[in-house]
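Structure file final32.cif with mmCIF, C-alpha atoms:
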data_run
#
loop_
_atom_site.label_atom_id
_atom_site.label_comp_id
_atom_site.auth_asym_id
_atom_site.auth_seq_id
_atom_site.Cartn_x
_atom_site.Cartn_y
_atom_site.Cartn_z
CA MET B 849 55.09 85.83 -11.92
CA THR B 850 53.87 82.30 -12.64
CA THR B 851 50.19 81.41 -12.41
CA VAL B 852 50.78 79.12 -9.43
CA ARG B 853 52.61 81.84 -7.50
CA GLN B 854 49.83 84.37 -8.05
CA ALA B 855 47.20 81.75 -7.18
CA TYR B 856 49.08 80.98 -3.98
CA LEU B 857 49.23 84.65 -3.00
CA ASP B 858 45.51 85.06 -3.68
CA ALA B 859 44.69 81.95 -1.62
CA ALA B 860 46.96 83.12 1.20
CA GLY B 861 45.10 86.42 1.22
CA ALA B 862 41.79 84.59 1.56
CA ALA B 863 43.20 82.52 4.43
CA LEU B 864 44.41 85.70 6.14
CA ALA B 865 40.93 87.21 5.91
CA LEU B 866 39.48 84.07 7.51
CA LEU B 867 42.07 84.18 10.30
CA GLY B 868 40.95 87.72 11.07
CA ASP B 869 37.25 86.84 11.26
CA PRO B 870 35.92 87.66 14.77
CA ALA B 871 34.37 84.19 14.94
CA VAL B 872 37.86 82.65 15.00
CA ALA B 873 38.97 84.73 17.99
CA ALA B 874 35.66 84.10 19.78
CA ARG B 875 36.12 80.31 19.65
CA TRP B 876 39.91 80.24 19.90
CA ASP B 877 40.18 77.74 22.77
CA GLU B 878 37.31 75.47 21.68
CA PRO B 879 37.72 72.14 19.85
CA SER B 880 37.78 72.49 16.08
CA ALA B 881 36.13 70.32 13.45
CA LEU B 882 39.52 68.68 12.89
CA ASP B 883 40.26 65.89 15.34
CA ALA B 884 42.60 66.88 18.21
CA PHE B 885 43.02 70.50 17.05
CA THR B 886 41.64 73.47 18.94
CA VAL B 887 40.36 76.34 16.81
CA GLY B 888 43.48 78.29 17.74
CA GLY B 889 45.77 75.41 16.86
CA LEU B 890 44.02 74.91 13.53
CA ALA B 891 44.29 78.65 12.83
CA GLY B 892 47.99 78.41 13.62
CA HIS B 893 48.37 75.49 11.23
CA LEU B 894 46.55 77.37 8.46
CA ALA B 895 48.71 80.44 9.07
CA GLY B 896 51.74 78.17 8.89
CA GLN B 897 51.12 77.74 5.17
CA VAL B 898 52.21 81.37 4.88
CA LEU B 899 54.57 81.73 7.83
CA ALA B 900 56.80 78.82 6.77
CA VAL B 901 57.39 79.95 3.20
CA PRO B 902 59.96 82.72 3.89
CA ASP B 903 62.11 80.23 5.83
CA VAL B 904 61.84 77.70 3.01
CA LEU B 905 62.95 80.36 0.52
CA ALA B 906 65.95 81.14 2.73
CA THR B 907 67.06 77.51 3.16
CA PRO B 908 70.15 76.54 1.10
CA VAL B 909 69.33 74.09 -1.68
CA PRO B 910 71.69 71.09 -1.98
CA ASP B 911 72.97 69.98 -5.36
CA GLU B 912 70.34 67.32 -6.00
CA PRO B 913 67.44 66.89 -8.40
CA PRO B 914 64.05 67.92 -7.04
CA ALA B 915 61.44 65.35 -6.14
CA ALA B 916 58.36 65.14 -8.32
CA LEU B 917 55.21 66.65 -6.84
CA LEU B 918 53.48 63.29 -6.39
CA ASP B 919 56.60 61.77 -4.85
CA HIS B 920 56.45 64.47 -2.19
CA TYR B 921 53.28 62.83 -0.94
CA THR B 922 54.38 59.20 -1.31
CA ARG B 923 57.47 60.03 0.76
CA SER B 924 55.60 61.98 3.46
CA THR B 925 55.08 60.07 6.72
CA TRP B 926 51.85 61.82 7.71
CA ILE B 927 49.86 60.32 4.84
CA GLY B 928 47.57 57.70 6.38
CA ALA B 929 49.05 58.14 9.87
CA GLY B 930 46.75 58.08 12.89
CA VAL B 931 45.91 61.17 14.88
CA ASP B 932 48.32 60.14 17.65
CA ALA B 933 51.21 59.30 15.31
CA ALA B 934 54.38 61.25 16.05
CA THR B 935 54.23 63.13 12.74
CA ASN B 936 50.68 64.36 13.40
CA VAL B 937 51.48 65.24 17.00
CA ALA B 938 54.33 67.38 15.65
CA ILE B 939 52.02 69.06 13.12
CA ARG B 940 49.57 69.99 15.88
CA ALA B 941 52.41 71.24 18.07
CA GLY B 942 53.52 73.51 15.22
CA GLY B 943 50.04 74.97 14.90
CA ASP B 944 49.83 75.52 18.65
CA ALA B 945 53.22 77.24 18.62
CA ASN B 946 52.11 79.60 15.86
CA ALA B 947 48.96 80.41 17.85
CA VAL B 948 50.50 80.77 21.30
CA ASP B 949 50.31 84.59 21.41
CA GLY B 950 46.65 84.69 20.42
CA PRO B 951 44.59 85.57 17.36
CA GLU B 952 45.63 89.21 16.91
CA ALA B 953 49.33 88.39 17.02
CA LEU B 954 48.85 85.52 14.57
CA VAL B 955 47.07 87.79 12.10
CA GLU B 956 49.83 90.41 12.45
CA ARG B 957 52.59 87.87 11.80
CA THR B 958 50.75 86.35 8.84
CA THR B 959 50.08 89.79 7.36
CA ALA B 960 53.77 90.65 7.53
CA ALA B 961 54.85 87.34 6.02
CA LEU B 962 52.37 87.67 3.16
CA ALA B 963 53.55 91.21 2.40
CA MET B 964 57.11 89.92 2.19
CA LEU B 965 56.07 87.06 -0.09
CA ARG B 966 54.19 89.36 -2.47
CA ALA B 967 57.50 91.01 -3.25
CA ALA B 968 59.74 87.95 -3.01
CA LEU B 969 57.86 85.45 -5.16
CA SER B 970 57.70 87.74 -8.19
CA ALA B 971 61.49 88.08 -8.09
CA GLU B 972 62.28 84.35 -8.01
CA PRO B 973 63.41 82.74 -11.29
CA ALA B 974 61.17 80.32 -13.13
CA GLY B 975 63.25 77.26 -12.30
CA ARG B 976 63.79 78.10 -8.63
CA LEU B 977 64.24 75.11 -6.33
CA VAL B 978 63.54 75.04 -2.59
CA HIS B 979 64.63 72.54 0.02
CA LEU B 980 62.49 71.15 2.83
CA THR B 981 64.87 70.75 5.75
CA GLY B 982 65.50 67.11 6.61
CA ARG B 983 63.62 65.91 3.55
CA TRP B 984 64.04 66.75 -0.12
CA SER B 985 63.89 69.53 -2.68
CA LEU B 986 60.99 70.63 -4.87
CA THR B 987 60.54 73.25 -7.54
CA LEU B 988 59.15 76.42 -5.98
CA ASP B 989 55.92 76.12 -7.96
CA ASP B 990 55.40 72.51 -6.84
CA TYR B 991 56.04 73.52 -3.24
CA LEU B 992 53.49 76.32 -3.51
CA THR B 993 51.02 73.84 -5.01
CA THR B 994 51.34 71.76 -1.83
CA ARG B 995 50.62 74.92 0.19
CA LEU B 996 47.59 75.65 -2.01
CA LEU B 997 46.20 72.23 -1.15
CA GLU B 998 46.76 72.84 2.56
CA ILE B 999 45.11 76.26 2.41
CA ALA B 1000 42.08 74.98 0.50
CA VAL B 1001 41.50 72.07 2.88
CA HIS B 1002 42.15 73.94 6.12
CA ASP B 1003 40.18 77.01 5.07
CA ASP B 1004 37.18 74.70 5.06
CA ASP B 1005 38.17 73.03 8.35
CA LEU B 1006 38.48 76.37 10.10
CA ALA B 1007 35.36 77.91 8.59
CA VAL B 1008 33.25 74.89 9.59
CA SER B 1009 34.78 75.01 13.06
CA VAL B 1010 33.57 78.56 13.71
CA GLY B 1011 30.36 78.55 11.69
CA VAL B 1012 31.27 80.89 8.84
CA GLU B 1013 31.28 80.48 5.06
CA THR B 1014 34.29 78.72 3.57
CA PRO B 1015 36.36 81.28 1.62
CA GLU B 1016 35.96 81.18 -2.14
CA LEU B 1017 39.21 80.52 -3.97
CA THR B 1018 39.97 81.35 -7.58
CA ASP B 1019 39.83 78.77 -10.35
CA ALA B 1020 43.58 79.23 -10.72
CA ALA B 1021 44.01 78.12 -7.11
CA LEU B 1022 41.49 75.28 -7.15
CA THR B 1023 42.44 73.70 -10.48
CA PRO B 1024 45.87 72.43 -9.34
CA VAL B 1025 44.40 71.41 -5.97
CA PHE B 1026 41.68 69.27 -7.56
CA ALA B 1027 44.14 67.82 -10.07
CA LEU B 1028 46.51 66.85 -7.28
CA LEU B 1029 43.79 65.39 -5.04
CA THR B 1030 42.32 63.40 -7.93
CA THR B 1031 45.70 61.95 -8.90
CA LEU B 1032 46.52 61.05 -5.30
CA SER B 1033 43.11 59.43 -4.90
CA VAL B 1034 43.63 57.37 -8.05
CA ARG B 1035 46.98 56.21 -6.69
CA LYS B 1036 45.33 55.21 -3.41
CA HIS B 1037 42.05 53.68 -4.62
CA GLY B 1038 42.46 53.00 -8.35
CA ALA B 1039 40.87 54.74 -11.33
CA PRO B 1040 37.52 52.85 -11.29
CA ALA B 1041 36.82 53.85 -7.67
CA VAL B 1042 37.48 57.53 -8.41
CA LEU B 1043 35.38 57.46 -11.57
CA ARG B 1044 32.50 55.96 -9.62
CA ALA B 1045 32.84 58.54 -6.85
CA LEU B 1046 32.63 61.35 -9.40
CA ALA B 1047 30.07 59.92 -11.81
CA ARG B 1048 28.31 56.88 -10.32
CA ALA B 1049 27.46 57.51 -6.69
CA GLU B 1050 25.46 54.27 -6.47
CA ARG B 1051 28.65 52.28 -7.05
CA ALA B 1052 31.08 54.59 -5.28
CA PRO B 1053 33.21 53.27 -2.40
CA SER B 1054 32.50 54.70 1.03
CA ASP B 1055 36.07 56.01 1.37
CA ILE B 1056 37.61 57.90 -1.54
CA THR B 1057 39.88 60.32 0.33
CA ALA B 1058 43.17 61.19 -1.33
CA ILE B 1059 45.27 61.93 1.79
#
Show how you would write the structure in this file as structure tokens.
Amino acid sequence: MTTVRQAYLDAAGAALALLGDPAVAARWDEPSALDAFTVGGLAGHLAGQVLAVPDVLATPVPDEPPAALLDHYTRSTWIGAGVDAATNVAIRAGGDANAVDGPEALVERTTAALAMLRAALSAEPAGRLVHLTGRWSLTLDDYLTTRLLEIAVHDDDLAVSVGVETPELTDAALTPVFALLTTLSVRKHGAPAVLRALARAERAPSDITAI
């Protein structure tokens, strides 16, 4: 199994443990730290980074070259979109749909999906492509890198929302996430701005977000 696939499985396991924390169930219907999400909806969105992967693996892949990892983000309509933009409304609706049966059911579904993926990902060939319905194809490892980023970011969102510690992820999980965020931030703000944010806080811009 590739390093990215194992890192994804480890990160998904950490997300599952967070989803099962009693603090999440206790604050399920409250607003989360993420604008316009309830805690339950945010939990559903985090779980979606596991629940969606089996369907992506099962989707037929058209005869086309895959998009590069960075192009996946430059093509995505949610980047820079406002909270009420149609794409973000749809993302929240997906999280709510995942969460509709409550915290215990969400944990059960995510547990089952992760068990399936532990077996499936190790069996996929190195050059495996996947297709994102209505969009484009990616290599499987690039797709899982995008899910790693989502898990890392939303682990923190959910943990802050319910007042628990953010799960610790492995270096193997965080290294591609930080590399991707840094590269996206450089594309958005330019190299000098990112260098200043990392090394010269007195000259850093106030906004250095990558996505």
* Which of these residues is nearest to Gly943 of chain B, using only C-alpha atoms: B:Leu894, B:Ala1052, B:Ala865, B:Leu1017? ->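 Checking each of B:Leu894, B:Ala1052, B:Ala865, B:Leu1017 against Gly943 of chain B, counting only C-alpha atoms, the winner is B:Leu894.
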* Asked: Distance atom CA of Thr922 of chain B-atom CA of Arg1035 of chain B, one decimal place?
  ->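 Computing the Euclidean distance for atom CA of Thr922 of chain B and atom CA of Arg1035 of chain B yields 9.6 Å.
Counting only C-alpha atoms and comparing B:Leu1043, B:Ala916, B:Val1008, B:Ala947, the residue that lies closest to Ala873 of chain B is B:Ala947.
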* Asked: Which is closest to Val978 of chain B among B:Pro1053, B:Pro1040, B:Pro908, B:Pro1015, if we use only C-alpha atoms?
  ->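 Distance minimum relative to Val978 of chain B lands on B:Pro908.
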* Give as a ChimeraX atom specification the residues that the PyMOL selection byres ((chain B and resi 930-940) around 10) matches when applied to the coordinates above. => /B:883-886,889-890,892-893,924-929,941-946
* To do: Convert the output of the PyMOL selection byres ((chain B and resi 1020) around 12) on the shown file into explicit residues, formatted as an MDAnalysis selection string.
  => chainID B and resid 850:859 993 996 1016:1019 1021:1027
